[in-house]
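*Asks:* Quick one: the structure is below, questions incoming.
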Amino acid sequence: MVSGDGVGSTGTAEEQHQTLVYDTAVSTLLAVAVYVVVKVSVDSLRQWRARVSVLIVGSGPVGLTAALVAVRSGKVLKLTIVDERYRSSLLCRPQQIALDPRSVRFLLGLGVDFDNMEGCWHNEHFFTRIGVFQEYLLSILEQKKQEVQVKVQLGTKFTEDFLRRIPRAEWPRVIVVADGSCGDSCSVLGISSDYTVESCHAYGANAAIERLDQRQVPTPEIRAHSLYFDLSAYGVESVREHRNPTAKPGFHLKIYGTFRNRYMALVCRANDTKMVRFLRHTANSSIMKNVFHQSFNAYKTDIEPRLNDMTLYHMQCSRRLFEIQLSHRRVSAAFIEGDNVAVTVEGEAARVLNFDTGCGVNLGMRGLESMGAFIYKTATAVDQNDILDALSAKMQHSRRVSEDFKSTGLTDSMFS
């Protein structure tokens with residue numbers, strides 16, 4: 001016989017066991033929850049407090065914009081900008097830049113106030129001189145000295161000796177190379193100079209003329225499309241091709257720059273029409289000069305004088321049409337392992353268009369669109385793998401910039 005007390009004892013033991021299991025599970029869950037909360041809090045605090053030192057080589061429009069991106073990231077403790085040019089030669093540059101709508105939106109997000117910058121608007125583009133743009137960005141960076149240690153070293157060349165003079169404890173965690181296509185900072189850092197050269201499937205030619213009697217003020221671009229030229233004097237008949245419905249579209253013209261420093265660009269999509277073949281292979285260097293001469297006088301603004309034989313003599317232009325190509329670095333980001341430094345290459349140091357239409361600055365701005373995220377990831381990296389992931393993302397973005405320009409860049413800047 002089994003007594004009732006035995007049944008009760010068994011039930012009580014099972015209840016106690018279940019209670020123990022429940023209490024253990026709750027305790028474990030609470031411990032895990034506390035650990036997670038503490039870890040998340042510690043990680044959040046570490047990420048919030050994380051700061052890095054950034055060195056930017058080059059104080060052109062792209063370099064100074066990169067400096068502004070770095071400051072706005074909130075993850076920079078010390079920012080140093082070096083350039084071998086002195087302030088006077090840097091800011092007196094007369095070349096005009098045209099910031100397209102995408103670059104304008106990007107700069108507005110960085111706090112750039114175009115109303116306080118000398119320039120003009122046209123079709124959502126902002127036109128100003130390079131020196132004016134650089135002066136404005138330098139003034140913003142000067143104002144940021146209360147938030148970030150900003151040091152601008154103009155007249156200082158970036159060399160191996162310059163790096164050796166930096167105390168090891170003060171080495172930057174991020175170096176941004178933006179010293180242009182002729183700079184040698186990448187070789188100083190040991191980054192490969194190999195470029196990938198790819199066709200943009202178009203032909204182009206350039207011309208430039210300086211007229212000292214004209215004003216050095218920003219002016220909107222002038223664009224003209226579907227142009228054909230009378231080259232019958234050279235034995236090329238263009239009227240027949242123009243009337244032929246199967247003929248390729250004609251040439252696109254852009255006149256840009258200030259009235260004093262006038263630039264022209266002529267471009268057409270790659271095709272094998274008689275006129276294009278002739279202009280690509282002609283040995284007569286005066287033909288392209290006459291083409292630009294006629295084009296300028298036909299499409300110039302009403303308030304500027306025509307080109308005459310005297311001014312035509314001073315014009316510099318391409319001898320013939322050439323294939324438009326985009327060159328971009330195979331390695332646009334690197335990690336210097338021994339020094340724990342992440343390097344990214346921007347602007348014309350990263351990619352160069354052999355067709356000078358003023359696209360360089362806007363191409364550089366495209367590359368900087370991922371700069372803020374790159375600095376944040378580098379500053380908050382837990383280990384080397386996190387830094388390598390940030391560098392990989394930066395390189396992928398750089399490749400996309402090149403790919404996008406090859407497919408749509410000339411359409412945006414010339415064909416429309």
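If you're wondering about the labels, chains in the structure tokens are A, B, ... by order shown, residues count from 1 in each chain, ligands from 1 in order shown.
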Quick one: everything within 12 Å of Phe405 of chain A, counting only C-alpha atoms, minus sequence neighbours fewer than 2 positions away in the same chain. Send it as an mmCIF file with all heavy atoms, in the first residue's frame.
*Replies:*
```
data_model
loop_
_atom_site.group_PDB
_atom_site.id
_atom_site.type_symbol
_atom_site.label_atom_id
_atom_site.label_comp_id
_atom_site.auth_asym_id
_atom_site.auth_seq_id
_atom_site.Cartn_x
_atom_site.Cartn_y
_atom_site.Cartn_z
ATOM 1 N N GLU A 198 39.648 53.173 -69.453
ATOM 2 C CA GLU A 198 38.466 52.652 -70.133
ATOM 3 C C GLU A 198 37.841 53.725 -71.005
ATOM 4 O O GLU A 198 37.849 54.917 -70.677
ATOM 5 C CB GLU A 198 37.454 52.145 -69.111
ATOM 6 C CG GLU A 198 37.989 50.979 -68.276
ATOM 7 C CD GLU A 198 36.992 50.496 -67.241
ATOM 8 O OE1 GLU A 198 36.840 51.175 -66.228
ATOM 9 O OE2 GLU A 198 36.379 49.440 -67.468
ATOM 10 N N SER A 199 37.288 53.307 -72.107
ATOM 11 C CA SER A 199 36.692 54.227 -73.061
ATOM 12 C C SER A 199 35.313 54.691 -72.586
ATOM 13 O O SER A 199 34.560 53.926 -71.982
ATOM 14 C CB SER A 199 36.558 53.561 -74.432
ATOM 15 O OG SER A 199 35.852 54.389 -75.329
ATOM 16 N N CYS A 200 35.008 55.953 -72.880
ATOM 17 C CA CYS A 200 33.670 56.489 -72.603
ATOM 18 C C CYS A 200 32.795 56.448 -73.858
ATOM 19 O O CYS A 200 31.708 57.032 -73.868
ATOM 20 C CB CYS A 200 33.774 57.919 -72.082
ATOM 21 S SG CYS A 200 34.570 58.062 -70.472
ATOM 22 N N HIS A 201 33.291 55.802 -74.927
ATOM 23 C CA HIS A 201 32.542 55.613 -76.169
ATOM 24 C C HIS A 201 32.129 56.951 -76.785
ATOM 25 O O HIS A 201 30.968 57.140 -77.177
ATOM 26 C CB HIS A 201 31.326 54.725 -75.939
ATOM 27 C CG HIS A 201 31.650 53.438 -75.239
ATOM 28 N ND1 HIS A 201 32.422 52.439 -75.807
ATOM 29 C CD2 HIS A 201 31.352 52.990 -73.977
ATOM 30 C CE1 HIS A 201 32.559 51.439 -74.957
ATOM 31 N NE2 HIS A 201 31.934 51.745 -73.852
ATOM 32 N N GLN A 325 38.566 59.072 -72.652
ATOM 33 C CA GLN A 325 38.839 57.939 -71.774
ATOM 34 C C GLN A 325 38.839 58.379 -70.311
ATOM 35 O O GLN A 325 39.189 59.525 -70.001
ATOM 36 C CB GLN A 325 40.190 57.308 -72.117
ATOM 37 C CG GLN A 325 40.270 56.721 -73.507
ATOM 38 C CD GLN A 325 41.659 56.202 -73.834
ATOM 39 O OE1 GLN A 325 42.662 56.762 -73.405
ATOM 40 N NE2 GLN A 325 41.720 55.124 -74.596
ATOM 41 N N LEU A 326 38.452 57.469 -69.461
ATOM 42 C CA LEU A 326 38.487 57.683 -68.013
ATOM 43 C C LEU A 326 39.525 56.742 -67.417
ATOM 44 O O LEU A 326 39.462 55.529 -67.625
ATOM 45 C CB LEU A 326 37.122 57.421 -67.387
ATOM 46 C CG LEU A 326 37.042 57.601 -65.867
ATOM 47 C CD1 LEU A 326 37.196 59.074 -65.488
ATOM 48 C CD2 LEU A 326 35.722 57.055 -65.321
ATOM 49 N N SER A 327 40.488 57.297 -66.691
ATOM 50 C CA SER A 327 41.505 56.492 -66.010
ATOM 51 C C SER A 327 41.209 56.506 -64.515
ATOM 52 O O SER A 327 40.993 57.585 -63.947
ATOM 53 C CB SER A 327 42.905 57.062 -66.268
ATOM 54 O OG SER A 327 43.179 57.149 -67.648
ATOM 55 N N HIS A 328 41.202 55.346 -63.890
ATOM 56 C CA HIS A 328 40.984 55.307 -62.446
ATOM 57 C C HIS A 328 41.939 54.299 -61.810
ATOM 58 O O HIS A 328 42.294 53.277 -62.422
ATOM 59 C CB HIS A 328 39.527 54.981 -62.087
ATOM 60 C CG HIS A 328 38.996 53.724 -62.696
ATOM 61 N ND1 HIS A 328 38.976 52.529 -62.026
ATOM 62 C CD2 HIS A 328 38.463 53.478 -63.910
ATOM 63 C CE1 HIS A 328 38.451 51.588 -62.794
ATOM 64 N NE2 HIS A 328 38.134 52.134 -63.948
ATOM 65 N N ARG A 351 40.868 59.340 -60.088
ATOM 66 C CA ARG A 351 40.341 59.120 -61.436
ATOM 67 C C ARG A 351 40.488 60.400 -62.259
ATOM 68 O O ARG A 351 40.269 61.502 -61.763
ATOM 69 C CB ARG A 351 38.879 58.664 -61.384
ATOM 70 C CG ARG A 351 37.941 59.625 -60.725
ATOM 71 C CD ARG A 351 36.587 58.997 -60.437
ATOM 72 N NE ARG A 351 36.679 58.013 -59.389
ATOM 73 C CZ ARG A 351 36.648 58.316 -58.080
ATOM 74 N NH1 ARG A 351 36.541 59.579 -57.692
ATOM 75 N NH2 ARG A 351 36.729 57.384 -57.175
ATOM 76 N N VAL A 352 40.877 60.242 -63.522
ATOM 77 C CA VAL A 352 41.140 61.379 -64.390
ATOM 78 C C VAL A 352 40.424 61.184 -65.719
ATOM 79 O O VAL A 352 40.535 60.117 -66.341
ATOM 80 C CB VAL A 352 42.657 61.542 -64.654
ATOM 81 C CG1 VAL A 352 42.911 62.768 -65.523
ATOM 82 C CG2 VAL A 352 43.420 61.657 -63.350
ATOM 83 N N LEU A 353 39.702 62.199 -66.152
ATOM 84 C CA LEU A 353 39.073 62.205 -67.459
ATOM 85 C C LEU A 353 39.975 62.997 -68.401
ATOM 86 O O LEU A 353 40.337 64.133 -68.107
ATOM 87 C CB LEU A 353 37.685 62.857 -67.374
ATOM 88 C CG LEU A 353 36.854 62.843 -68.661
ATOM 89 C CD1 LEU A 353 36.400 61.428 -68.980
ATOM 90 C CD2 LEU A 353 35.650 63.773 -68.527
ATOM 91 N N CYS A 359 34.501 68.485 -65.473
ATOM 92 C CA CYS A 359 33.873 67.365 -64.748
ATOM 93 C C CYS A 359 34.668 66.956 -63.523
ATOM 94 O O CYS A 359 34.134 66.283 -62.641
ATOM 95 C CB CYS A 359 33.730 66.150 -65.664
ATOM 96 S SG CYS A 359 32.569 66.364 -67.011
ATOM 97 N N GLY A 360 35.944 67.319 -63.453
ATOM 98 C CA GLY A 360 36.828 66.790 -62.422
ATOM 99 C C GLY A 360 36.329 67.005 -61.008
ATOM 100 O O GLY A 360 36.351 66.095 -60.180
ATOM 101 N N ASN A 362 33.242 67.594 -59.928
ATOM 102 C CA ASN A 362 32.032 66.826 -59.660
ATOM 103 C C ASN A 362 32.316 65.336 -59.521
ATOM 104 O O ASN A 362 31.703 64.660 -58.705
ATOM 105 C CB ASN A 362 31.006 67.076 -60.771
ATOM 106 C CG ASN A 362 30.468 68.497 -60.745
ATOM 107 O OD1 ASN A 362 29.981 68.970 -59.731
ATOM 108 N ND2 ASN A 362 30.583 69.196 -61.862
ATOM 109 N N LEU A 363 33.269 64.832 -60.312
ATOM 110 C CA LEU A 363 33.692 63.439 -60.139
ATOM 111 C C LEU A 363 34.282 63.239 -58.746
ATOM 112 O O LEU A 363 34.040 62.227 -58.084
ATOM 113 C CB LEU A 363 34.737 63.081 -61.197
ATOM 114 C CG LEU A 363 34.260 62.329 -62.438
ATOM 115 C CD1 LEU A 363 35.405 62.172 -63.427
ATOM 116 C CD2 LEU A 363 33.683 60.978 -62.079
ATOM 117 N N GLY A 364 35.075 64.222 -58.305
ATOM 118 C CA GLY A 364 35.663 64.140 -56.975
ATOM 119 C C GLY A 364 34.615 64.155 -55.875
ATOM 120 O O GLY A 364 34.726 63.438 -54.873
ATOM 121 N N ARG A 366 31.627 63.000 -56.085
ATOM 122 C CA ARG A 366 30.981 61.678 -56.044
ATOM 123 C C ARG A 366 31.750 60.745 -55.113
ATOM 124 O O ARG A 366 31.164 60.008 -54.324
ATOM 125 C CB ARG A 366 30.961 61.054 -57.443
ATOM 126 C CG ARG A 366 30.265 61.840 -58.514
ATOM 127 C CD ARG A 366 28.754 61.826 -58.384
ATOM 128 N NE ARG A 366 28.166 62.464 -59.539
ATOM 129 C CZ ARG A 366 27.997 63.777 -59.676
ATOM 130 N NH1 ARG A 366 28.370 64.588 -58.697
ATOM 131 N NH2 ARG A 366 27.456 64.285 -60.761
ATOM 132 N N GLY A 367 33.068 60.771 -55.224
ATOM 133 C CA GLY A 367 33.864 59.897 -54.376
ATOM 134 C C GLY A 367 33.745 60.212 -52.905
ATOM 135 O O GLY A 367 33.842 59.327 -52.048
ATOM 136 N N SER A 398 34.203 53.680 -54.906
ATOM 137 C CA SER A 398 35.053 54.337 -55.894
ATOM 138 C C SER A 398 34.873 53.701 -57.273
ATOM 139 O O SER A 398 34.810 54.406 -58.292
ATOM 140 C CB SER A 398 36.523 54.248 -55.457
ATOM 141 O OG SER A 398 37.358 54.940 -56.356
ATOM 142 N N ARG A 399 34.770 52.380 -57.313
ATOM 143 C CA ARG A 399 34.545 51.700 -58.597
ATOM 144 C C ARG A 399 33.183 52.065 -59.177
ATOM 145 O O ARG A 399 33.040 52.258 -60.394
ATOM 146 C CB ARG A 399 34.640 50.182 -58.410
ATOM 147 C CG ARG A 399 36.038 49.677 -58.064
ATOM 148 C CD ARG A 399 36.117 48.167 -58.217
ATOM 149 N NE ARG A 399 37.315 47.641 -57.569
ATOM 150 C CZ ARG A 399 37.340 47.095 -56.366
ATOM 151 N NH1 ARG A 399 36.218 46.982 -55.671
ATOM 152 N NH2 ARG A 399 38.468 46.644 -55.854
ATOM 153 N N ARG A 400 32.162 52.169 -58.312
ATOM 154 C CA ARG A 400 30.827 52.527 -58.803
ATOM 155 C C ARG A 400 30.825 53.934 -59.392
ATOM 156 O O ARG A 400 30.137 54.197 -60.383
ATOM 157 C CB ARG A 400 29.805 52.430 -57.666
ATOM 158 C CG ARG A 400 29.419 51.010 -57.301
ATOM 159 C CD ARG A 400 28.122 50.973 -56.512
ATOM 160 N NE ARG A 400 28.208 51.753 -55.296
ATOM 161 C CZ ARG A 400 28.630 51.283 -54.133
ATOM 162 N NH1 ARG A 400 29.022 50.014 -54.038
ATOM 163 N NH2 ARG A 400 28.680 52.050 -53.059
ATOM 164 N N VAL A 401 31.596 54.847 -58.788
ATOM 165 C CA VAL A 401 31.681 56.212 -59.312
ATOM 166 C C VAL A 401 32.208 56.184 -60.745
ATOM 167 O O VAL A 401 31.668 56.853 -61.641
ATOM 168 C CB VAL A 401 32.592 57.083 -58.420
ATOM 169 C CG1 VAL A 401 32.902 58.418 -59.099
ATOM 170 C CG2 VAL A 401 31.929 57.344 -57.073
ATOM 171 N N SER A 402 33.250 55.398 -60.970
ATOM 172 C CA SER A 402 33.822 55.289 -62.319
ATOM 173 C C SER A 402 32.836 54.637 -63.277
ATOM 174 O O SER A 402 32.657 55.108 -64.412
ATOM 175 C CB SER A 402 35.125 54.484 -62.271
ATOM 176 O OG SER A 402 36.093 55.132 -61.468
ATOM 177 N N GLU A 403 32.189 53.564 -62.842
ATOM 178 C CA GLU A 403 31.236 52.870 -63.701
ATOM 179 C C GLU A 403 30.068 53.774 -64.067
ATOM 180 O O GLU A 403 29.634 53.814 -65.223
ATOM 181 C CB GLU A 403 30.722 51.601 -63.010
ATOM 182 C CG GLU A 403 31.761 50.511 -62.838
ATOM 183 C CD GLU A 403 32.226 49.938 -64.158
ATOM 184 O OE1 GLU A 403 31.416 49.919 -65.107
ATOM 185 O OE2 GLU A 403 33.391 49.528 -64.258
ATOM 186 N N SER A 407 28.914 55.369 -67.935
ATOM 187 C CA SER A 407 27.601 55.102 -68.532
ATOM 188 C C SER A 407 26.745 56.351 -68.674
ATOM 189 O O SER A 407 25.982 56.465 -69.632
ATOM 190 C CB SER A 407 26.855 54.046 -67.702
ATOM 191 O OG SER A 407 26.666 54.513 -66.375
ATOM 192 N N THR A 408 26.865 57.301 -67.748
ATOM 193 C CA THR A 408 25.963 58.458 -67.778
ATOM 194 C C THR A 408 26.658 59.812 -67.652
ATOM 195 O O THR A 408 26.017 60.844 -67.808
ATOM 196 C CB THR A 408 24.915 58.364 -66.634
ATOM 197 O OG1 THR A 408 25.619 58.402 -65.366
ATOM 198 C CG2 THR A 408 24.120 57.093 -66.720
ATOM 199 N N GLY A 409 27.957 59.817 -67.379
ATOM 200 C CA GLY A 409 28.637 61.083 -67.088
ATOM 201 C C GLY A 409 28.603 62.081 -68.211
ATOM 202 O O GLY A 409 28.262 63.264 -68.016
ATOM 203 N N LEU A 410 28.929 61.651 -69.427
ATOM 204 C CA LEU A 410 28.922 62.578 -70.548
ATOM 205 C C LEU A 410 27.500 62.967 -70.934
ATOM 206 O O LEU A 410 27.268 64.069 -71.433
ATOM 207 C CB LEU A 410 29.639 61.954 -71.748
ATOM 208 C CG LEU A 410 31.160 61.843 -71.598
ATOM 209 C CD1 LEU A 410 31.758 61.161 -72.821
ATOM 210 C CD2 LEU A 410 31.787 63.204 -71.398
ATOM 211 N N THR A 411 26.553 62.071 -70.690
ATOM 212 C CA THR A 411 25.152 62.435 -70.940
ATOM 213 C C THR A 411 24.748 63.615 -70.077
ATOM 214 O O THR A 411 24.106 64.566 -70.551
ATOM 215 C CB THR A 411 24.238 61.229 -70.661
ATOM 216 O OG1 THR A 411 24.598 60.160 -71.532
ATOM 217 C CG2 THR A 411 22.763 61.602 -70.887
ATOM 218 N N ASP A 412 25.131 63.567 -68.808
ATOM 219 C CA ASP A 412 24.780 64.653 -67.879
ATOM 220 C C ASP A 412 25.531 65.935 -68.181
ATOM 221 O O ASP A 412 24.968 67.031 -68.082
ATOM 222 C CB ASP A 412 25.041 64.226 -66.439
ATOM 223 C CG ASP A 412 24.152 63.079 -65.998
ATOM 224 O OD1 ASP A 412 23.093 62.898 -66.610
ATOM 225 O OD2 ASP A 412 24.534 62.359 -65.052
ATOM 226 N N SER A 413 26.806 65.812 -68.537
ATOM 227 C CA SER A 413 27.654 67.018 -68.649
ATOM 228 C C SER A 413 27.726 67.588 -70.064
ATOM 229 O O SER A 413 28.095 68.740 -70.244
ATOM 230 C CB SER A 413 29.066 66.698 -68.175
ATOM 231 O OG SER A 413 29.667 65.717 -68.993
#
```
*Asks:* If we count only C-alpha atoms, what is near Val217 of chain A at a cut-off of 10 Å, once residues fewer than 5 positions away on the same chain are taken out, given as an mmCIF file with C-alpha atoms, in the first residue's frame?
*Replies:*
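And here's result_26.cif as it stands now:
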```
data_model
loop_
_atom_site.group_PDB
_atom_site.id
_atom_site.type_symbol
_atom_site.label_atom_id
_atom_site.label_comp_id
_atom_site.auth_asym_id
_atom_site.auth_seq_id
_atom_site.Cartn_x
_atom_site.Cartn_y
_atom_site.Cartn_z
ATOM 1 C CA PRO A 94 41.107 81.946 -62.152
ATOM 2 C CA GLN A 96 35.852 78.413 -63.015
ATOM 3 C CA GLU A 118 30.486 84.767 -55.121
ATOM 4 C CA GLY A 119 29.006 82.981 -58.105
ATOM 5 C CA CYS A 120 25.867 82.540 -60.171
ATOM 6 C CA PHE A 127 29.250 78.543 -61.103
ATOM 7 C CA THR A 128 32.165 80.077 -59.231
ATOM 8 C CA ARG A 129 35.941 80.412 -59.406
ATOM 9 C CA GLY A 257 34.662 79.506 -67.802
ATOM 10 C CA THR A 258 34.851 83.221 -67.112
ATOM 11 C CA PHE A 259 34.787 85.808 -69.889
ATOM 12 C CA ARG A 260 38.535 86.218 -69.466
ATOM 13 C CA ASN A 261 39.404 82.510 -69.444
#
```
*Asks:* From the DSSP assignment of the backbone, select every residue of segment 263-392 of chain A that is alpha helix (DSSP H), and format the answer as a PyMOL selection string.
*Replies:* chain A and resi 274-281+286-299+309-313+359-368+371-379+384-392
*Asks:* Figure out the distance between atom CA of Ile209 of chain A and atom CA of Glu135 of chain A, please, to one decimal in Å.
*Replies:*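 Interatomic distance, atom CA of Glu135 of chain A to atom CA of Ile209 of chain A: 25.4 Å.
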*Asks:* I'd like the neighbourhood of Met371 of chain A as a PyMOL selection string, where a residue qualifies if any of its atoms comes within 12 Å (using only C-alpha atoms), though same-chain residues fewer than 2 positions away should be ignored.
*Replies:* chain A and resi 54+62-63+65-73+75+106+174-176+333+343-346+364-369+373-378+390-391+393-395+397-398
*Asks:* Could you please determine the separation between atom CA of Trp121 of chain A and atom CA of Ser89 of chain A in Å, to one decimal place?
*Replies:*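 Separating atom CA of Trp121 of chain A from atom CA of Ser89 of chain A is a distance of 26.4 Å.
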*Asks:* Could you tell me, as a ChimeraX atom specification, which residues of segment 163-267 of chain A DSSP assigns to strand (DSSP E or B) when given the backbone?
*Replies:* /A:174-177,195-210,222-227,251-257,261-267
*Asks:* Please provide as a VMD selection string all residues within 9 Å of Ala207 of chain A, with the sequence filter that same-chain residues fewer than 4 positions apart are discarded (counting only C-alpha atoms).
*Replies:* chain A and resid 262 to 266 288 to 289 292 315 to 318
*Asks:* Within 8 Å of Leu64 of chain A, counting only C-alpha atoms, which residues qualify if same-chain residues fewer than 5 places away don't, as number ranges by chain?
*Replies:* A: 58-59, 134, 137-138
*Asks:* In Å, how far is it from atom CA of Tyr299 of chain A to atom CA of Ile222 of chain A?
*Replies:* 7.4 Å
